[in-house]
>>> print(open('coords17.txt').read())   # compact mmCIF, C-alpha atoms
# COMPACT_ATOMS: atom_id res chain seq x y z
CA MET Y 72 0.00 0.00 0.00
CA LYS Y 73 1.25 3.50 -0.75
CA ASN Y 74 -0.21 6.84 0.15
CA LYS Y 75 -1.55 8.75 -2.85
CA ALA Y 76 -0.42 12.18 -1.70
CA LEU Y 77 3.29 12.87 -1.84
CA PRO Y 78 4.01 16.02 0.16
CA ASN Y 79 7.29 17.83 -0.02
CA PRO Y 80 8.18 18.75 3.57
CA LEU Y 81 11.55 19.25 5.21
CA TYR Y 82 11.45 15.68 6.54
CA ILE Y 83 11.98 12.79 4.14
CA GLY Y 84 12.79 9.48 5.79
CA ARG Y 85 12.86 5.84 4.77
CA PHE Y 86 12.74 2.22 5.83
CA ALA Y 87 15.21 -0.03 4.01
CA PRO Y 88 14.74 -3.77 4.67
CA SER Y 89 16.89 -6.46 3.09
CA PRO Y 90 14.69 -9.14 1.48
CA SER Y 91 16.39 -12.11 3.14
CA GLY Y 92 13.09 -13.21 4.65
CA PRO Y 93 9.82 -11.85 6.02
CA LEU Y 94 9.86 -9.09 8.64
CA HIS Y 95 10.49 -10.26 12.20
CA LEU Y 96 9.93 -8.33 15.43
CA GLY Y 97 13.26 -6.52 15.17
CA SER Y 98 12.65 -5.28 11.63
CA LEU Y 99 9.04 -4.36 12.45
CA PHE Y 100 10.37 -2.39 15.43
CA ALA Y 101 12.70 -0.46 13.10
CA ALA Y 102 9.88 0.15 10.63
CA VAL Y 103 7.52 1.45 13.32
CA ILE Y 104 10.13 3.82 14.75
CA SER Y 105 11.09 5.31 11.38
CA TYR Y 106 7.44 5.53 10.27
CA CYS Y 107 6.18 7.19 13.45
CA ASP Y 108 9.05 9.66 13.56
CA ALA Y 109 8.37 10.70 9.95
CA LYS Y 110 4.64 11.07 10.53
CA PHE Y 111 5.15 12.95 13.82
CA HIS Y 112 7.12 15.53 11.83
CA GLN Y 113 4.50 15.60 9.02
CA GLY Y 114 7.12 14.03 6.78
CA VAL Y 115 7.43 11.62 3.90
CA TRP Y 116 8.18 7.95 4.60
CA ARG Y 117 9.78 6.15 1.65
CA LEU Y 118 10.41 2.44 1.22
CA ARG Y 119 13.71 1.18 -0.19
CA ILE Y 120 14.40 -2.50 -0.81
CA ASP Y 121 18.09 -3.31 -0.27
CA ASP Y 122 18.23 -6.20 -2.75
CA LEU Y 123 21.80 -5.89 -4.05
CA ASP Y 124 23.19 -8.86 -2.12
CA THR Y 125 21.58 -11.37 -4.46
CA PRO Y 126 22.83 -14.56 -2.71
CA ARG Y 127 20.86 -13.49 0.39
CA VAL Y 128 17.67 -12.42 -1.42
CA GLN Y 129 14.80 -14.85 -0.88
CA PRO Y 130 12.46 -15.13 -3.90
CA ASP Y 131 9.23 -14.39 -1.99
CA ALA Y 132 10.63 -12.08 0.67
CA ILE Y 133 9.90 -8.78 -1.09
CA THR Y 134 6.24 -9.69 -1.64
CA GLN Y 135 5.99 -10.88 1.97
CA GLN Y 136 7.54 -7.69 3.36
CA LEU Y 137 5.29 -5.42 1.30
CA HIS Y 138 2.27 -7.40 2.48
CA GLN Y 139 3.38 -7.20 6.11
CA LEU Y 140 3.93 -3.44 6.02
CA ASP Y 141 0.58 -2.95 4.32
CA ALA Y 142 -1.26 -5.17 6.80
CA PHE Y 143 0.33 -3.47 9.82
CA GLY Y 144 -0.84 -0.08 8.48
CA LEU Y 145 2.65 1.19 7.62
CA GLY Y 146 1.86 2.88 4.32
CA TRP Y 147 4.79 4.28 2.36
CA ASP Y 148 4.88 7.38 0.18
CA GLY Y 149 5.73 7.24 -3.52
CA GLU Y 150 7.04 4.27 -5.46
CA VAL Y 151 9.16 1.55 -3.91
CA TYR Y 152 12.87 2.13 -4.59
CA TYR Y 153 14.77 -1.05 -5.50
CA GLN Y 154 18.54 -0.93 -5.24
CA SER Y 155 18.85 -3.59 -7.94
CA GLN Y 156 17.45 -1.09 -10.45
CA HIS Y 157 20.24 1.45 -9.81
CA THR Y 158 23.45 -0.49 -10.44
CA ALA Y 159 24.44 1.83 -13.31
CA ASP Y 160 24.26 4.78 -10.90
CA TYR Y 161 26.41 2.97 -8.36
CA LEU Y 162 29.01 2.09 -10.98
CA ALA Y 163 29.23 5.72 -12.10
CA ALA Y 164 29.58 6.76 -8.45
CA LEU Y 165 32.34 4.19 -7.97
CA TYR Y 166 34.29 5.49 -10.96
CA ASP Y 167 33.81 9.03 -9.72
CA LEU Y 168 35.56 8.08 -6.49
CA GLN Y 169 38.36 6.52 -8.53
CA ALA Y 170 38.77 9.75 -10.50
CA LYS Y 171 38.97 11.71 -7.25
CA GLN Y 172 41.59 9.28 -5.85
CA ALA Y 173 39.28 8.59 -2.94
CA CYS Y 174 39.49 4.80 -3.16
CA TYR Y 175 41.91 1.99 -3.95
CA THR Y 176 42.01 -1.64 -5.00
CA CYS Y 177 42.53 -4.25 -2.30
CA HIS Y 178 43.87 -7.75 -2.97
CA CYS Y 179 43.58 -9.00 0.62
CA THR Y 180 41.45 -11.99 1.53
CA ARG Y 181 40.04 -12.52 5.01
CA GLN Y 182 42.61 -15.26 5.59
CA MET Y 183 45.45 -12.88 4.68
CA ILE Y 184 44.07 -10.27 7.10
CA ARG Y 185 43.77 -12.84 9.90
CA GLU Y 186 47.33 -13.99 9.39
CA ARG Y 187 48.66 -10.43 9.59
CA GLN Y 188 46.41 -9.51 12.53
CA GLN Y 189 46.96 -12.62 14.67
CA GLY Y 190 43.45 -13.87 14.09
CA GLN Y 191 41.66 -10.54 14.03
CA VAL Y 192 39.55 -9.64 10.99
CA GLN Y 193 39.69 -5.85 11.26
CA TYR Y 194 41.36 -4.60 8.11
CA ASP Y 195 44.74 -2.91 8.58
CA ASN Y 196 44.61 -0.81 5.35
CA PHE Y 197 47.46 -2.93 3.98
CA CYS Y 198 46.76 -2.08 0.32
CA ARG Y 199 46.08 1.64 0.83
CA HIS Y 200 49.43 2.81 -0.54
CA ARG Y 201 50.33 -0.13 -2.76
CA HIS Y 202 48.74 1.44 -5.84
CA HIS Y 203 47.31 -1.74 -7.30
CA PRO Y 204 45.75 -1.21 -10.75
CA PHE Y 205 41.99 -0.70 -10.58
CA ASP Y 206 40.38 -4.01 -11.42
CA LEU Y 207 36.73 -4.94 -10.89
CA GLN Y 208 37.82 -8.51 -10.15
CA GLN Y 209 39.28 -7.21 -6.87
CA ALA Y 210 37.71 -5.40 -3.93
CA TRP Y 211 37.73 -1.60 -3.82
CA ARG Y 212 37.96 0.33 -0.55
CA LEU Y 213 37.10 3.90 0.39
CA GLN Y 214 40.12 5.70 1.85
CA LEU Y 215 39.08 7.26 5.13
CA PRO Y 216 41.00 10.14 6.76
CA ASP Y 217 43.34 9.15 9.57
CA GLN Y 218 42.41 12.11 11.74
CA ARG Y 219 39.46 11.75 14.06
CA SER Y 220 36.15 13.17 12.95
CA SER Y 221 33.00 13.88 14.94
CA TRP Y 222 29.35 14.18 14.08
CA GLN Y 223 26.07 14.58 15.90
CA ASP Y 224 23.41 11.91 16.16
CA GLN Y 225 20.10 13.43 17.23
CA TRP Y 226 19.29 10.58 19.61
CA CYS Y 227 22.74 9.26 20.50
CA GLY Y 228 24.58 12.56 20.93
CA LYS Y 229 28.08 13.42 19.77
CA GLN Y 230 29.92 10.64 17.94
CA THR Y 231 33.62 10.23 17.23
CA SER Y 232 35.10 8.16 14.43
CA PRO Y 233 36.67 4.89 15.57
CA GLN Y 234 40.40 4.32 15.86
CA PRO Y 235 42.20 2.63 14.27
CA VAL Y 236 40.60 3.51 10.94
CA GLU Y 237 39.37 0.58 8.83
CA ASP Y 238 38.81 1.49 5.18
CA PRO Y 239 35.43 -0.04 4.19
CA ILE Y 240 34.76 -2.07 1.05
CA ILE Y 241 32.68 -0.21 -1.54
CA TRP Y 242 32.99 -2.84 -4.30
CA ARG Y 243 33.19 -6.52 -3.46
CA ARG Y 244 35.24 -9.04 -5.37
CA ASP Y 245 32.04 -11.08 -5.87
CA GLN Y 246 30.74 -8.24 -8.09
CA ILE Y 247 28.37 -6.67 -5.55
CA PHE Y 248 28.44 -3.00 -4.53
CA GLY Y 249 29.32 -2.37 -0.90
CA TYR Y 250 26.64 -1.28 1.57
CA HIS Y 251 28.19 2.12 2.28
CA LEU Y 252 28.42 3.14 -1.37
CA ALA Y 253 24.89 2.08 -2.32
CA CYS Y 254 23.29 3.45 0.84
CA ALA Y 255 25.04 6.82 0.67
CA TRP Y 256 24.15 7.23 -2.99
CA ASP Y 257 20.52 6.29 -2.36
CA GLU Y 258 20.10 8.79 0.47
CA TRP Y 259 21.01 11.58 -1.95
CA ALA Y 260 19.15 10.16 -4.97
CA MET Y 261 15.96 9.68 -2.93
CA GLY Y 262 16.20 13.15 -1.41
CA MET Y 263 16.53 11.90 2.15
CA THR Y 264 16.79 14.46 4.92
CA HIS Y 265 16.57 12.10 7.92
CA VAL Y 266 17.98 8.60 8.45
CA VAL Y 267 16.35 6.60 11.26
CA ARG Y 268 17.85 3.14 11.80
CA GLY Y 269 19.31 0.76 14.40
CA GLN Y 270 22.40 1.44 16.45
CA ASP Y 271 24.26 -1.42 14.76
CA LEU Y 272 24.68 1.09 11.91
CA LEU Y 273 25.69 4.04 14.08
CA ALA Y 274 29.33 3.98 12.97
CA ALA Y 275 28.23 3.77 9.32
CA SER Y 276 27.22 7.43 9.47
CA TRP Y 277 30.84 8.56 9.16
CA PRO Y 278 31.91 6.84 5.90
CA GLN Y 279 28.49 7.48 4.39
CA THR Y 280 28.75 11.17 5.22
CA LEU Y 281 32.21 11.27 3.61
CA LEU Y 282 30.88 9.62 0.47
CA ARG Y 283 28.06 12.17 0.28
CA GLN Y 284 30.63 14.96 0.56
CA HIS Y 285 32.77 13.44 -2.21
CA TRP Y 286 29.85 13.30 -4.63
CA HIS Y 287 27.76 16.29 -3.56
CA PRO Y 288 29.84 18.68 -1.42
CA SER Y 289 27.09 21.29 -1.32
CA ALA Y 290 24.33 18.87 -0.28
CA ALA Y 291 22.71 19.46 3.09
CA GLU Y 292 23.87 17.24 5.94
CA LEU Y 293 21.61 14.35 6.85
CA VAL Y 294 19.97 14.19 10.26
CA TYR Y 295 20.85 10.82 11.81
CA LYS Y 296 18.78 9.12 14.50
CA HIS Y 297 19.84 5.66 15.70
CA HIS Y 298 17.57 3.62 17.95
CA PRO Y 299 18.32 0.69 20.31
CA LEU Y 300 18.31 -2.87 19.03
CA LEU Y 301 16.08 -5.72 20.10
CA ILE Y 302 17.91 -8.83 21.26
CA ASN Y 303 16.87 -12.26 22.47
CA GLN Y 304 17.77 -13.87 25.79
CA GLN Y 305 20.98 -15.23 24.29
CA GLY Y 306 22.10 -11.67 23.56
CA LEU Y 307 21.70 -12.00 19.80
CA LYS Y 308 20.19 -9.24 17.72
CA LEU Y 309 16.82 -10.27 16.31
CA SER Y 310 17.55 -11.18 12.71
CA LYS Y 311 16.95 -13.76 10.02
CA SER Y 312 20.34 -15.35 10.77
CA ALA Y 313 19.30 -15.69 14.42
CA GLN Y 314 16.17 -17.49 13.18
CA SER Y 315 13.84 -14.78 14.45
CA GLN Y 316 10.25 -15.64 13.67
CA ALA Y 317 8.16 -13.71 11.16
CA VAL Y 318 5.44 -11.43 12.55
CA TRP Y 319 1.96 -11.12 11.14
CA PRO Y 320 -0.91 -8.70 11.82
CA ASN Y 321 -3.21 -8.94 14.83
CA GLN Y 322 -1.05 -11.50 16.62
CA GLY Y 323 0.37 -9.21 19.30
CA ALA Y 324 3.55 -7.96 17.61
CA LEU Y 325 2.57 -4.28 17.64
CA TYR Y 326 1.37 -4.61 21.23
CA LYS Y 327 4.79 -6.03 22.15
CA ILE Y 328 6.41 -2.99 20.51
CA ALA Y 329 4.06 -0.68 22.43
CA GLN Y 330 5.20 -2.42 25.64
CA ILE Y 331 8.86 -1.94 24.74
CA LEU Y 332 8.23 1.74 24.01
CA GLY Y 333 6.42 2.18 27.33
CA VAL Y 334 2.98 3.09 25.97
CA ALA Y 335 1.08 -0.22 26.32
CA ASP Y 336 -1.34 1.11 28.96
CA PRO Y 337 -4.33 1.09 28.46
CA LEU Y 338 -3.87 -1.11 25.37
CA ASN Y 339 -4.16 -4.88 25.20
CA ALA Y 340 -2.83 -7.55 22.85
CA LYS Y 341 -6.26 -8.31 21.40
CA MET Y 342 -6.84 -4.80 20.08
CA PRO Y 343 -6.64 -4.29 16.29
CA ASP Y 344 -3.16 -3.35 15.13
CA GLN Y 345 -4.40 -0.10 13.58
CA LEU Y 346 -5.52 1.13 17.01
CA ILE Y 347 -2.20 0.15 18.60
CA LEU Y 348 -0.22 1.86 15.85
CA GLN Y 349 -2.32 4.99 16.29
CA ALA Y 350 -1.66 4.93 20.04
CA ILE Y 351 2.10 4.69 19.38
CA GLN Y 352 1.86 7.66 17.00
CA ASP Y 353 -0.23 9.67 19.47
CA ASN Y 354 2.42 9.15 22.16
CA TRP Y 355 5.45 9.76 19.96
CA ALA Y 356 6.61 12.89 21.79
CA LYS Y 357 6.62 10.91 25.06
CA ILE Y 358 8.37 7.95 23.40
CA MET Y 359 11.14 10.17 22.05
CA THR Y 360 11.73 11.68 25.48
CA ASP Y 361 11.22 8.66 27.75
CA PHE Y 362 12.56 5.85 25.60
CA LEU Y 363 14.58 6.84 22.56
CA ILE Y 364 16.61 9.76 23.84
CA GLN Y 365 17.12 8.45 27.37
CA ASN Y 366 18.13 5.02 26.09
CA THR Y 367 20.54 6.30 23.45
CA SER Y 368 21.97 9.57 24.78
CA GLU Y 369 25.74 9.90 24.47
CA GLN Y 370 26.27 6.41 23.07
CA SER Y 371 29.64 6.07 21.40
CA SER Y 372 29.95 4.78 17.85
CA THR Y 373 31.08 1.41 19.23
CA SER Y 374 28.63 1.16 22.13
CA ILE Y 375 25.23 -0.24 21.18
CA LYS Y 376 22.18 0.07 23.40
CA GLN Y 377 20.25 -3.20 23.44
CA VAL Y 378 16.77 -4.00 24.72
CA CYS Y 379 16.09 -7.63 25.62
CA VAL Y 380 12.58 -8.64 24.60
CA ILE Y 381 12.43 -12.42 24.32
>>> encode(input="coords17.txt", output="structure tokens")
Amino acid sequence: MKNKALPNPLYIGRFAPSPSGPLHLGSLFAAVISYCDAKFHQGVWRLRIDDLDTPRVQPDAITQQLHQLDAFGLGWDGEVYYQSQHTADYLAALYDLQAKQACYTCHCTRQMIRERQQGQVQYDNFCRHRHHPFDLQQAWRLQLPDQRSSWQDQWCGKQTSPQPVEDPIIWRRDQIFGYHLACAWDEWAMGMTHVVRGQDLLAASWPQTLLRQHWHPSAAELVYKHHPLLINQQGLKLSKSAQSQAVWPNQGALYKIAQILGVADPLNAKMPDQLILQAIQDNWAKIMTDFLIQNTSEQSSTSIKQVCVI
């Protein structure tokens, strides 16, 4: 379902699921937070499908996710944006970084990195100054500045870039564009003004901001808001890989989210989802103050706030 009217306010946000399976409680939680924040600010809420990582894409997942969002009352504005339809844009953006000497080719495998790092997998920027010829059969990495940078997250406070610096992959040797490159390009191409997502992506704000500055130095800065993650009793983030169960309408999932956000009274699990979603929206100012800001304030880029729910 999509809303017919497409306003043009100063708030344009998005939800960007990966179609590796149907939405589970953790992804529904992220969708509800980004949706309610956009609607609280009379903004646009776009839907982007992150379907570039083709080995992880499940054939029916996109249809399932669209159905779930529709059934839960989370209506998006405009057409659905599919990353798989923009590979030519990403390739042009990649070559633009090459022309600006902002990236380099990396020949290192994970095994090579582990051997150099005594078992650690954090990349040591080994190929940064080796000037390998640019070759799409190899990985490409964005060269990050060595000096510390800081930025402001509206919910998590001031952030500082991690040290040591690890140059991220923007083109994978398996012929797939890196997350940072595609995401940063999409935020500009879709006209995003606000990015609301989980704290596992808090540190991604820095390289994605740098990419935006490389391509569009005069573009307005994005407003970042990163929310806590939902984890199970084993301490694992709710995810498809953690075998988190799919959620379906009118089975208590939205009521569980209302409980987590502290606005479940006087609701109950048997109420229609549309009424629960409306109650969450009606209490969004309280949620931002009592839950989101208090639970995320002054989190560092490597410290993730987690909320145990199962």
>>> residues_around(input="coords17.txt", residues="Y:Gln223", least_positions_apart="4", cutoff="10 Å", atoms="all atoms listed in the file", output="PyMOL selection string")
chain Y and resi 227-231+276+294-296+369
>>> closest_residue(input="coords17.txt", among="Y:Asp344, Y:Trp286, Y:Leu207, Y:Asp124", to="Y:Ala170", atoms="only C-alpha atoms")
Y:Trp286
>>> closest_residue(input="coords17.txt", among="Y:Leu281, Y:Ala132, Y:Val318, Y:Val267", to="Y:Asp224", atoms="only C-alpha atoms")
Y:Val267
>>> residues_near_point(input="coords17.txt", point="(38.6, 1.6, -2.0)", cutoff="9 Å", atoms="only C-alpha atoms", output="MDAnalysis selection string")
chainID Y and resid 168:169 173:177 199 210:214 238:242
>>> closest_residue(input="coords17.txt", among="Y:Ile358, Y:Gln225, Y:Asp108, Y:Pro320", to="Y:Ala340", atoms="all atoms listed in the file")
Y:Pro320
>>> closest_residue(input="coords17.txt", among="Y:Asp206, Y:Gln345, Y:Ile104, Y:Met261", to="Y:Asp141", atoms="all atoms listed in the file")
Y:Gln345
>>> atom_distance(input="coords17.txt", atom1="atom CA of Y:Arg117", atom2="atom CA of Y:Ser105")
9.9 Å
>>> closest_residue(input="coords17.txt", among="Y:Gln279, Y:Ala317, Y:His178, Y:His285", to="Y:Tyr166", atoms="only C-alpha atoms")
Y:His285
>>> closest_atom_pairs(input="coords17.txt", of="stretch 194-281 of chain Y", to="stretch 79-94 of chain Y", cutoff="12 Å", atoms="all atoms listed in the file", output="JSON lines")
{"residue": "Y:Tyr250", "atom": "CA", "partner": "Y:Ser89", "partner_atom": "CA", "distance": 11.1}
{"residue": "Y:Ala253", "atom": "CA", "partner": "Y:Ala87", "partner_atom": "CA", "distance": 11.8}
{"residue": "Y:Cys254", "atom": "CA", "partner": "Y:Ala87", "partner_atom": "CA", "distance": 9.4}
{"residue": "Y:Asp257", "atom": "CA", "partner": "Y:Ala87", "partner_atom": "CA", "distance": 10.4}
{"residue": "Y:Glu258", "atom": "CA", "partner": "Y:Arg85", "partner_atom": "CA", "distance": 8.9}
{"residue": "Y:Trp259", "atom": "CA", "partner": "Y:Ile83", "partner_atom": "CA", "distance": 11.0}
{"residue": "Y:Ala260", "atom": "CA", "partner": "Y:Ile83", "partner_atom": "CA", "distance": 11.9}
{"residue": "Y:Met261", "atom": "CA", "partner": "Y:Ile83", "partner_atom": "CA", "distance": 8.7}
{"residue": "Y:Gly262", "atom": "CA", "partner": "Y:Ile83", "partner_atom": "CA", "distance": 7.0}
{"residue": "Y:Met263", "atom": "CA", "partner": "Y:Ile83", "partner_atom": "CA", "distance": 5.0}
{"residue": "Y:Thr264", "atom": "CA", "partner": "Y:Ile83", "partner_atom": "CA", "distance": 5.2}
{"residue": "Y:His265", "atom": "CA", "partner": "Y:Gly84", "partner_atom": "CA", "distance": 5.1}
{"residue": "Y:Val266", "atom": "CA", "partner": "Y:Gly84", "partner_atom": "CA", "distance": 5.9}
{"residue": "Y:Val267", "atom": "CA", "partner": "Y:Gly84", "partner_atom": "CA", "distance": 7.1}
{"residue": "Y:Arg268", "atom": "CA", "partner": "Y:Phe86", "partner_atom": "CA", "distance": 7.9}
{"residue": "Y:Gly269", "atom": "CA", "partner": "Y:Phe86", "partner_atom": "CA", "distance": 10.9}
>>> atom_distance(input="coords17.txt", atom1="atom CA of Y:His297", atom2="atom CA of Y:Leu332")
14.8 Å
>>> atom_distance(input="coords17.txt", atom1="atom CA of Y:Gly144", atom2="atom CA of Y:Leu99")
11.5 Å
>>> residues_around(input="coords17.txt", residues="stretch 154-164 of chain Y", least_positions_apart="4", cutoff="6 Å", atoms="all atoms listed in the file", output="NGL selection string")
:Y and (121-123)
>>> residues_around(input="coords17.txt", residues="Y:Trp277", least_positions_apart="2", cutoff="9 Å", atoms="all atoms listed in the file", output="PyMOL selection string")
chain Y and resi 220-222+231-232+273-275+279-282
>>> closest_residue(input="coords17.txt", among="Y:Ala356, Y:Phe362, Y:His202, Y:Leu348", to="Y:Phe143", atoms="only C-alpha atoms")
Y:Leu348
>>> residues_around(input="coords17.txt", residues="Y:Gln330", least_positions_apart="6", cutoff="10 Å", atoms="only C-alpha atoms", output="list in words")
Ala324, Asp336, Leu338, Asn339, Ala340, Ile351 and Val380 of chain Y
>>> decode(input="coords17.txt", residues="stretch 347-358 of chain Y", atoms="N, CA and C atoms", output="PDB file, in the first residue's frame")
ATOM      1  N   ILE Y 347      -3.466   0.136  17.861  1.00  0.00           N
ATOM      2  CA  ILE Y 347      -2.201   0.147  18.601  1.00  0.00           C
ATOM      3  C   ILE Y 347      -1.200   1.063  17.918  1.00  0.00           C
ATOM      4  N   LEU Y 348      -1.130   0.977  16.582  1.00  0.00           N
ATOM      5  CA  LEU Y 348      -0.220   1.855  15.851  1.00  0.00           C
ATOM      6  C   LEU Y 348      -0.597   3.319  16.069  1.00  0.00           C
ATOM      7  N   GLN Y 349      -1.888   3.614  16.064  1.00  0.00           N
ATOM      8  CA  GLN Y 349      -2.320   4.985  16.291  1.00  0.00           C
ATOM      9  C   GLN Y 349      -1.940   5.458  17.681  1.00  0.00           C
ATOM     10  N   ALA Y 350      -2.040   4.567  18.669  1.00  0.00           N
ATOM     11  CA  ALA Y 350      -1.655   4.930  20.040  1.00  0.00           C
ATOM     12  C   ALA Y 350      -0.157   5.217  20.119  1.00  0.00           C
ATOM     13  N   ILE Y 351       0.658   4.432  19.402  1.00  0.00           N
ATOM     14  CA  ILE Y 351       2.103   4.690  19.384  1.00  0.00           C
ATOM     15  C   ILE Y 351       2.372   6.055  18.757  1.00  0.00           C
ATOM     16  N   GLN Y 352       1.693   6.356  17.649  1.00  0.00           N
ATOM     17  CA  GLN Y 352       1.859   7.657  17.001  1.00  0.00           C
ATOM     18  C   GLN Y 352       1.427   8.792  17.927  1.00  0.00           C
ATOM     19  N   ASP Y 353       0.298   8.615  18.596  1.00  0.00           N
ATOM     20  CA  ASP Y 353      -0.231   9.667  19.470  1.00  0.00           C
ATOM     21  C   ASP Y 353       0.707   9.962  20.634  1.00  0.00           C
ATOM     22  N   ASN Y 354       1.517   8.986  21.012  1.00  0.00           N
ATOM     23  CA  ASN Y 354       2.423   9.152  22.159  1.00  0.00           C
ATOM     24  C   ASN Y 354       3.875   9.335  21.729  1.00  0.00           C
ATOM     25  N   TRP Y 355       4.084   9.730  20.463  1.00  0.00           N
ATOM     26  CA  TRP Y 355       5.454   9.758  19.962  1.00  0.00           C
ATOM     27  C   TRP Y 355       6.334  10.765  20.691  1.00  0.00           C
ATOM     28  N   ALA Y 356       5.804  11.908  21.062  1.00  0.00           N
ATOM     29  CA  ALA Y 356       6.614  12.887  21.795  1.00  0.00           C
ATOM     30  C   ALA Y 356       7.105  12.285  23.112  1.00  0.00           C
ATOM     31  N   LYS Y 357       6.244  11.572  23.803  1.00  0.00           N
ATOM     32  CA  LYS Y 357       6.623  10.913  25.062  1.00  0.00           C
ATOM     33  C   LYS Y 357       7.639   9.813  24.798  1.00  0.00           C
ATOM     34  N   ILE Y 358       7.440   9.039  23.731  1.00  0.00           N
ATOM     35  CA  ILE Y 358       8.368   7.955  23.400  1.00  0.00           C
ATOM     36  C   ILE Y 358       9.759   8.506  23.116  1.00  0.00           C
TER      37      ILE Y 358
END
